[in-house]
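What follows is the content of run-v4.txt, which has compact mmCIF, C-alpha atoms:
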# COMPACT_ATOMS: atom_id res chain seq x y z
CA MET A 832 -21.37 53.01 -82.98
CA GLN A 833 -24.95 51.87 -83.59
CA LEU A 834 -26.24 55.05 -85.19
CA TYR A 835 -27.11 53.08 -88.32
CA ASP A 836 -28.33 49.80 -86.82
CA ASN A 837 -31.93 49.65 -88.06
CA SER A 838 -32.68 46.57 -85.94
CA ARG A 839 -32.88 48.93 -82.95
CA THR A 840 -36.08 50.48 -84.34
CA VAL A 841 -38.08 47.24 -84.58
CA ALA A 842 -38.49 44.20 -82.34
CA ASN A 843 -38.41 41.60 -85.11
CA GLU A 844 -36.08 42.58 -87.94
CA ALA A 845 -35.33 38.97 -88.92
CA GLU A 846 -39.05 38.19 -89.22
CA ILE A 847 -39.64 41.33 -91.29
CA LEU A 848 -36.89 40.44 -93.74
CA ALA A 849 -38.10 36.83 -93.95
CA ALA A 850 -41.60 38.09 -94.75
CA PHE A 851 -40.14 40.31 -97.49
CA GLN A 852 -38.47 37.26 -99.01
CA GLN A 853 -41.63 35.16 -98.84
CA ARG A 854 -43.74 37.91 -100.42
CA SER A 855 -41.06 38.29 -103.09
CA ARG A 856 -41.14 34.57 -103.91
CA LEU A 857 -44.88 34.86 -104.44
CA ALA A 858 -44.38 37.85 -106.76
CA TYR A 859 -41.98 35.85 -108.91
CA GLN A 860 -44.51 33.01 -109.04
CA HIS A 861 -47.55 35.14 -109.86
CA PHE A 862 -46.22 37.63 -112.41
CA PRO A 863 -44.20 37.26 -115.62
CA CYS A 864 -40.60 38.25 -114.98
CA LEU A 865 -37.45 38.38 -117.08
CA GLN A 866 -34.82 37.44 -114.51
CA GLU A 867 -31.06 37.92 -114.33
CA ILE A 868 -30.73 40.13 -117.41
CA ARG A 869 -27.04 41.03 -117.57
CA TYR A 870 -26.22 44.73 -117.92
CA ALA A 871 -22.45 44.52 -117.29
CA GLU A 872 -19.71 41.94 -116.80
CA ALA A 873 -19.54 41.77 -112.99
CA PRO A 874 -21.27 38.65 -111.61
CA ARG A 875 -24.04 40.55 -109.81
CA SER A 876 -24.60 43.13 -112.58
CA THR A 877 -28.09 41.94 -113.47
CA LEU A 878 -31.69 43.16 -113.66
CA ASP A 879 -35.08 41.59 -113.07
CA VAL A 880 -37.85 43.07 -115.20
CA PHE A 881 -41.55 42.67 -114.48
CA PRO A 882 -42.95 43.83 -117.85
CA LEU A 883 -46.40 45.28 -118.43
CA ALA A 884 -47.90 45.76 -121.87
CA GLN A 885 -48.96 49.32 -122.62
CA ALA A 886 -47.21 50.66 -119.53
CA THR A 887 -46.30 54.33 -119.84
CA THR A 888 -44.06 54.33 -116.75
CA THR A 889 -41.09 52.15 -115.80
CA LEU A 890 -40.20 52.13 -112.11
CA VAL A 891 -36.54 51.31 -111.50
CA PHE A 892 -35.84 50.21 -107.93
CA ILE A 893 -32.47 50.17 -106.15
CA TYR A 894 -32.45 48.30 -102.85
CA GLY A 895 -30.39 49.06 -99.76
CA GLY A 896 -28.53 46.84 -97.30
CA TYR A 897 -25.84 49.41 -96.50
CA TRP A 898 -24.04 48.59 -99.78
CA GLN A 899 -22.98 45.20 -98.37
CA TRP A 900 -26.06 43.05 -97.70
CA CYS A 901 -29.29 41.84 -99.35
CA ASP A 902 -30.23 41.03 -102.92
CA LYS A 903 -32.68 42.50 -105.43
CA SER A 904 -34.79 39.35 -105.13
CA ASP A 905 -35.52 40.22 -101.48
CA PHE A 906 -37.58 43.19 -102.66
CA ALA A 907 -39.51 41.75 -105.59
CA PHE A 908 -42.69 42.06 -103.52
CA ILE A 909 -42.88 45.73 -104.53
CA ALA A 910 -43.71 44.62 -108.08
CA THR A 911 -47.20 43.59 -106.94
CA ASP A 912 -48.14 47.21 -106.19
CA VAL A 913 -46.15 48.68 -109.08
CA LEU A 914 -47.91 46.47 -111.64
CA ALA A 915 -51.30 47.12 -110.04
CA LYS A 916 -50.78 50.82 -110.69
CA GLY A 917 -50.10 50.29 -114.38
CA MET A 918 -46.32 50.53 -114.27
CA GLN A 919 -43.64 48.01 -115.14
CA CYS A 920 -40.94 47.30 -112.59
CA VAL A 921 -37.17 46.84 -112.82
CA LEU A 922 -35.06 45.60 -109.90
CA VAL A 923 -31.37 46.49 -110.08
CA GLU A 924 -28.67 44.23 -108.64
CA TYR A 925 -25.09 45.37 -108.01
CA GLU A 926 -21.82 44.12 -106.55
CA LEU A 927 -21.49 44.56 -102.81
CA ALA A 928 -18.71 45.64 -100.47
CA PRO A 929 -16.11 44.52 -99.61
CA GLN A 930 -15.79 42.83 -103.01
CA SER A 931 -16.52 46.19 -104.66
CA THR A 932 -15.53 49.70 -103.64
CA MET A 933 -18.00 52.55 -103.33
CA ALA A 934 -16.72 53.96 -106.61
CA GLU A 935 -17.39 50.65 -108.36
CA ILE A 936 -20.87 50.32 -106.86
CA VAL A 937 -21.81 53.85 -107.96
CA ALA A 938 -20.47 53.17 -111.46
CA GLN A 939 -22.56 50.00 -111.72
CA VAL A 940 -25.77 51.93 -111.17
CA LYS A 941 -24.88 54.14 -114.13
CA GLN A 942 -24.17 51.03 -116.19
CA ALA A 943 -27.61 49.70 -115.27
CA LEU A 944 -29.35 52.93 -116.24
CA ASP A 945 -27.37 53.13 -119.49
CA PHE A 946 -28.44 49.57 -120.30
CA ILE A 947 -32.09 50.19 -119.47
CA GLN A 948 -32.09 53.26 -121.68
CA GLN A 949 -31.17 51.12 -124.69
CA GLN A 950 -33.89 48.50 -124.22
CA PRO A 951 -36.90 48.31 -126.57
CA TRP A 952 -39.30 47.95 -123.63
CA ILE A 953 -38.34 51.24 -121.97
CA THR A 954 -41.09 53.80 -121.50
CA GLN A 955 -41.03 57.56 -121.87
CA HIS A 956 -41.48 58.10 -118.16
CA VAL A 957 -38.92 56.50 -115.82
CA LEU A 958 -39.32 56.77 -112.06
CA LEU A 959 -36.13 55.98 -110.13
CA VAL A 960 -36.80 54.79 -106.57
CA GLY A 961 -34.13 53.96 -104.01
CA HIS A 962 -34.43 52.68 -100.44
CA SER A 963 -31.81 53.17 -97.70
CA ALA A 964 -28.36 52.78 -99.34
CA GLY A 965 -30.29 52.45 -102.60
CA ALA A 966 -31.62 55.97 -102.03
CA HIS A 967 -28.02 57.13 -101.73
CA LEU A 968 -27.23 55.53 -105.09
CA ALA A 969 -30.40 56.91 -106.67
CA ALA A 970 -29.58 60.41 -105.40
CA LEU A 971 -26.22 60.25 -107.18
CA TRP A 972 -27.85 59.34 -110.51
CA MET A 973 -31.06 61.40 -110.52
CA GLN A 974 -29.49 63.52 -113.23
CA HIS A 975 -29.17 60.55 -115.61
CA GLU A 976 -31.01 61.47 -118.80
CA ILE A 977 -33.30 58.44 -118.68
CA VAL A 978 -34.73 59.46 -115.29
CA THR A 979 -37.76 61.74 -115.39
CA GLU A 980 -38.56 61.65 -111.66
CA ALA A 981 -37.02 60.19 -108.49
CA VAL A 982 -38.12 59.09 -105.03
CA LEU A 983 -35.69 58.61 -102.16
CA LEU A 984 -36.82 56.47 -99.21
CA SER A 985 -34.95 56.44 -95.89
CA GLY A 986 -31.71 57.43 -97.54
CA ILE A 987 -28.13 58.22 -96.56
CA TYR A 988 -26.84 61.38 -98.15
CA ASP A 989 -23.70 62.16 -96.15
CA LEU A 990 -21.03 59.46 -95.99
CA ARG A 991 -18.91 61.26 -93.41
CA PRO A 992 -20.62 59.69 -90.36
CA ILE A 993 -20.53 56.25 -92.01
CA GLN A 994 -16.74 56.32 -91.90
CA GLN A 995 -16.91 56.25 -88.10
CA THR A 996 -19.22 53.21 -87.84
CA HIS A 997 -18.99 49.43 -88.08
CA LEU A 998 -20.28 49.72 -91.65
CA ASN A 999 -16.94 51.06 -92.79
CA THR A 1000 -15.16 47.77 -92.11
CA ALA A 1001 -16.49 46.50 -95.43
CA LEU A 1002 -16.78 49.85 -97.21
CA ASN A 1003 -13.30 51.17 -96.34
CA LEU A 1004 -14.32 54.65 -97.45
CA THR A 1005 -11.57 57.04 -98.47
CA GLU A 1006 -11.71 60.81 -98.09
CA GLN A 1007 -12.11 60.99 -101.86
CA ASP A 1008 -15.07 58.59 -101.68
CA ILE A 1009 -16.76 60.80 -99.11
CA LEU A 1010 -16.24 64.00 -101.07
CA GLN A 1011 -17.22 62.52 -104.42
CA TYR A 1012 -20.10 60.26 -103.41
CA SER A 1013 -21.92 62.18 -100.66
CA PRO A 1014 -25.07 63.65 -102.27
CA LEU A 1015 -25.18 66.23 -99.47
CA LEU A 1016 -21.89 67.69 -100.69
CA ARG A 1017 -22.98 68.09 -104.33
CA GLN A 1018 -23.81 71.61 -105.48
CA HIS A 1019 -25.26 71.18 -108.98
CA ALA A 1020 -28.94 71.84 -109.61
CA ILE A 1021 -31.30 69.01 -110.62
CA SER A 1022 -33.95 69.98 -113.14
CA LYS A 1023 -36.50 67.22 -112.52
CA PRO A 1024 -38.93 66.52 -109.66
CA TYR A 1025 -37.86 64.32 -106.78
CA SER A 1026 -39.25 63.47 -103.36
CA ILE A 1027 -37.53 62.58 -100.10
CA TYR A 1028 -39.36 60.42 -97.56
CA CYS A 1029 -38.39 59.13 -94.14
CA GLY A 1030 -40.38 57.43 -91.38
CA GLU A 1031 -40.88 59.07 -88.02
CA GLN A 1032 -40.03 55.76 -86.32
CA GLU A 1033 -36.64 55.45 -88.02
CA LEU A 1034 -33.26 55.98 -86.45
CA ASP A 1035 -32.66 59.60 -85.42
CA GLU A 1036 -29.55 59.63 -87.59
CA LEU A 1037 -31.49 58.62 -90.71
CA ILE A 1038 -34.17 61.23 -90.05
CA LEU A 1039 -31.43 63.82 -89.64
CA GLN A 1040 -29.78 62.70 -92.89
CA SER A 1041 -33.05 63.22 -94.79
CA GLN A 1042 -33.78 66.57 -93.16
CA ASN A 1043 -30.26 67.87 -93.83
CA TYR A 1044 -30.35 66.69 -97.44
CA PHE A 1045 -33.71 68.33 -98.03
CA GLN A 1046 -32.50 71.58 -96.51
CA HIS A 1047 -29.42 71.48 -98.74
CA ARG A 1048 -31.33 70.61 -101.92
CA SER A 1049 -34.16 73.07 -101.30
CA GLY A 1050 -31.60 75.83 -101.55
CA LEU A 1051 -30.63 74.54 -105.00
CA ASP A 1052 -33.84 72.99 -106.37
CA GLN A 1053 -36.63 74.63 -104.41
CA ALA A 1054 -39.24 74.07 -107.12
CA GLN A 1055 -38.24 70.43 -107.70
CA VAL A 1056 -37.70 68.82 -104.29
CA SER A 1057 -40.17 67.85 -101.57
CA PHE A 1058 -39.79 66.18 -98.19
CA LYS A 1059 -42.21 64.33 -95.92
CA LEU A 1060 -41.70 62.60 -92.58
CA LEU A 1061 -44.22 59.76 -92.55
CA ASP A 1062 -46.25 59.12 -89.40
CA LYS A 1063 -46.13 55.70 -87.72
CA THR A 1064 -43.59 54.45 -90.27
CA ASN A 1065 -40.23 52.73 -89.77
CA HIS A 1066 -37.33 51.74 -92.02
CA TYR A 1067 -39.20 48.67 -93.27
CA THR A 1068 -42.86 49.69 -93.33
CA ILE A 1069 -41.91 52.70 -95.44
CA LEU A 1070 -41.75 50.37 -98.44
CA ASP A 1071 -45.41 49.33 -98.17
CA GLU A 1072 -46.41 52.85 -97.19
CA TYR A 1073 -44.89 54.24 -100.35
CA PHE A 1074 -45.72 51.52 -102.87
CA GLN A 1075 -49.25 50.89 -101.60
CA HIS A 1076 -50.38 54.40 -100.71
CA LEU A 1077 -48.08 57.13 -102.03
CA LEU A 1078 -47.11 55.81 -105.45
CA LYS A 1079 -49.51 57.26 -108.01
CA PRO A 1080 -49.97 56.30 -111.66
CA LYS A 1081 -48.56 58.86 -114.07
CA THR A 1082 -51.35 60.65 -115.93
Encoded form using structure tokens:
Amino acid sequence: MQLYDNSRTVANEAEILAAFQQRSRLAYQHFPCLQEIRYAEAPRSTLDVFPLAQATTTLVFIYGGYWQWCDKSDFAFIATDVLAKGMQCVLVEYELAPQSTMAEIVAQVKQALDFIQQQPWITQHVLLVGHSAGAHLAALWMQHEIVTEAVLLSGIYDLRPIQQTHLNTALNLTEQDILQYSPLLRQHAISKPYSIYCGEQELDELILQSQNYFQHRSGLDQAQVSFKLLDKTNHYTILDEYFQHLLKPKT
């Protein structure tokens, strides 16, 4: 099943990802960055921090890659826009499947947030942003006490369909994983603002995931949650659309 193959929505996925990496290399060269800060014992349990003096907001970013591909360094280009808007930026790395289970990956995100909470550079306002599988992980930890606001980009919120795809070869999801780690199946209220975005040019299945999750959460958190389907936007351009145009400095 190719329901979750994002390469089908663009003609040049490899070129897009290569451009992300090149832009990210430039970000590391142009801005001060504290790289590979260890937050837990696992080899990939590290953070990159782009600090900004006098920042009042810290943006914590969790990348995607369907829990089994990519690296935080592929997405460092977002720091250019984050810093320009007066925020500091943290990129979270985590162990990938099949070396780690879904339960272990989810637990690592909590470890990262716990670690960030203890750092002297943390700000009062913390915006948690996740993209794709990173949005899934962010959705599971929006209730963490350090998070004051969250943004979910092109996320996956129901793991049940994933079990029937090629992605599950590495993930090997159990029924318990699906029940415990599908944000769509969670019933507790979230008492902080969060936004769900998806591009109109994304896979139908991803659009449906976002719409279903919004419908579910609006019944629980009507005053807190918002949803927008972004015109002329795909799974990759949504990153520039959000960080360049939709991300606003906290006043």
Check: Counting all atoms listed in the file, what is within 6 Å of Tyr870 of chain A, bar same-chain residues fewer than 5 positions away, as a list in words?
Finding: Ser876, Thr877, Ala943 and Phe946 of chain A
Centre and size of axis-aligned box enclosing segment 1015-1018 of chain A plus 8 Å each side, as lines of an AutoDock Vina configuration file:
center_x = -23.5
center_y = 68.9
center_z = -102.5
size_x = 19.3
size_y = 21.4
size_z = 22.0
Next item on the list: Would you be able to write out as a list in words which residues have an atom within 12 Å of (-40.5, 74.0, -104.6) in the file's coordinates, counting all atoms listed in the file?
Entry: Ser1022, Lys1023, Pro1024, Tyr1025, Ser1026, Phe1045, Gln1046, Arg1048, Ser1049, Gly1050, Leu1051, Asp1052, Gln1053, Ala1054, Gln1055, Val1056, Ser1057 and Phe1058 of chain A
Please dump the current selection as a PDB file, keeping the file's coordinate frame; keep C-alpha atoms.
ATOM      1  CA  SER A1022     -33.950  69.980-113.140  1.00  0.00           C
ATOM      2  CA  LYS A1023     -36.500  67.220-112.520  1.00  0.00           C
ATOM      3  CA  PRO A1024     -38.930  66.520-109.660  1.00  0.00           C
ATOM      4  CA  TYR A1025     -37.860  64.320-106.780  1.00  0.00           C
ATOM      5  CA  SER A1026     -39.250  63.470-103.360  1.00  0.00           C
ATOM      6  CA  PHE A1045     -33.710  68.330 -98.030  1.00  0.00           C
ATOM      7  CA  GLN A1046     -32.500  71.580 -96.510  1.00  0.00           C
ATOM      8  CA  ARG A1048     -31.330  70.610-101.920  1.00  0.00           C
ATOM      9  CA  SER A1049     -34.160  73.070-101.300  1.00  0.00           C
ATOM     10  CA  GLY A1050     -31.600  75.830-101.550  1.00  0.00           C
ATOM     11  CA  LEU A1051     -30.630  74.540-105.000  1.00  0.00           C
ATOM     12  CA  ASP A1052     -33.840  72.990-106.370  1.00  0.00           C
ATOM     13  CA  GLN A1053     -36.630  74.630-104.410  1.00  0.00           C
ATOM     14  CA  ALA A1054     -39.240  74.070-107.120  1.00  0.00           C
ATOM     15  CA  GLN A1055     -38.240  70.430-107.700  1.00  0.00           C
ATOM     16  CA  VAL A1056     -37.700  68.820-104.290  1.00  0.00           C
ATOM     17  CA  SER A1057     -40.170  67.850-101.570  1.00  0.00           C
ATOM     18  CA  PHE A1058     -39.790  66.180 -98.190  1.00  0.00           C
TER      19      PHE A1058
END
Note to self: Can you tell me which residues surround segment 977-992 of chain A at a distance of at most 7 Å, considering only C-alpha atoms, apart from same-chain residues fewer than 6 positions away, and format the answer as a PyMOL selection string?
What the structure shows: chain A and resi 948+956-964+966-967+1009+1013-1015+1023-1029+1037+1040-1041+1044+1066
Item checked: Atom pair atom CA of Leu1077 of chain A / atom CA of Thr889 of chain A: separation (Å) -> 16.2 Å
Next item on the list: Considering all atoms listed in the file, state which residue in the set A:Ala849, A:Ala842, A:Leu1060, A:Met973 is at the smallest distance from Gln1042 of chain A.
Entry: A:Leu1060
Spatial neighbours of Asp945 of chain A, 12 Å, only C-alpha atoms, chain gap at least 3 places, as a PDB file with C-alpha atoms, in the coordinates of the input:
ATOM      1  CA  TYR A 870     -26.220  44.730-117.920  1.00  0.00           C
ATOM      2  CA  ALA A 871     -22.450  44.520-117.290  1.00  0.00           C
ATOM      3  CA  ALA A 938     -20.470  53.170-111.460  1.00  0.00           C
ATOM      4  CA  GLN A 939     -22.560  50.000-111.720  1.00  0.00           C
ATOM      5  CA  VAL A 940     -25.770  51.930-111.170  1.00  0.00           C
ATOM      6  CA  LYS A 941     -24.880  54.140-114.130  1.00  0.00           C
ATOM      7  CA  GLN A 942     -24.170  51.030-116.190  1.00  0.00           C
ATOM      8  CA  GLN A 948     -32.090  53.260-121.680  1.00  0.00           C
ATOM      9  CA  GLN A 949     -31.170  51.120-124.690  1.00  0.00           C
ATOM     10  CA  GLN A 950     -33.890  48.500-124.220  1.00  0.00           C
ATOM     11  CA  ILE A 953     -38.340  51.240-121.970  1.00  0.00           C
ATOM     12  CA  TRP A 972     -27.850  59.340-110.510  1.00  0.00           C
ATOM     13  CA  HIS A 975     -29.170  60.550-115.610  1.00  0.00           C
ATOM     14  CA  GLU A 976     -31.010  61.470-118.800  1.00  0.00           C
ATOM     15  CA  ILE A 977     -33.300  58.440-118.680  1.00  0.00           C
ATOM     16  CA  VAL A 978     -34.730  59.460-115.290  1.00  0.00           C
TER      17      VAL A 978
END
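Atom CA of Ile1069 of chain A lies 23.9 Å from atom CA of Thr996 of chain A.
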Margin query: Rounded to one decimal, what separation in Å do you get between atom CA of Asp836 of chain A and atom CA of Ile1038 of chain A?
Written below: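 Going from atom CA of Asp836 of chain A over to atom CA of Ile1038 of chain A, I get 13.2 Å.
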Check: Excluding same-chain residues fewer than 5 positions from Ala907 of chain A, what lies within 8 Å of it counting only C-alpha atoms, as a PyMOL selection string?
Finding: chain A and resi 854-856+858-859+922
Residues within 10 Å of Leu1078 of chain A, please, as a short mmCIF file (atom, residue, chain, number, x, y, z; two decimals) with C-alpha atoms, keeping the file's coordinate frame. Count only C-alpha atoms; anything in the same chain fewer than 4 positions from it doesn't count.
data_model
loop_
_atom_site.label_atom_id
_atom_site.label_comp_id
_atom_site.auth_asym_id
_atom_site.auth_seq_id
_atom_site.Cartn_x
_atom_site.Cartn_y
_atom_site.Cartn_z
CA ASP A 912 -48.14 47.21 -106.19
CA VAL A 913 -46.15 48.68 -109.08
CA LYS A 916 -50.78 50.82 -110.69
CA VAL A 982 -38.12 59.09 -105.03
CA ASP A 1071 -45.41 49.33 -98.17
CA GLU A 1072 -46.41 52.85 -97.19
CA TYR A 1073 -44.89 54.24 -100.35
CA PHE A 1074 -45.72 51.52 -102.87
#
Checklist line | From A:Val937, A:Val921, A:Ile893, A:Leu1016, residue lying nearest Leu878 of chain A [all atoms listed in the file] | finding: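 Closest to Leu878 of chain A of all the choices is A:Val921.
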Next item on the list: Compare A:Trp900, A:Arg875, A:Cys920, A:Asp905 by their minimum atom-to-atom distance to Thr888 of chain A, counting only C-alpha atoms, and give me the closest one.
Entry: A:Cys920
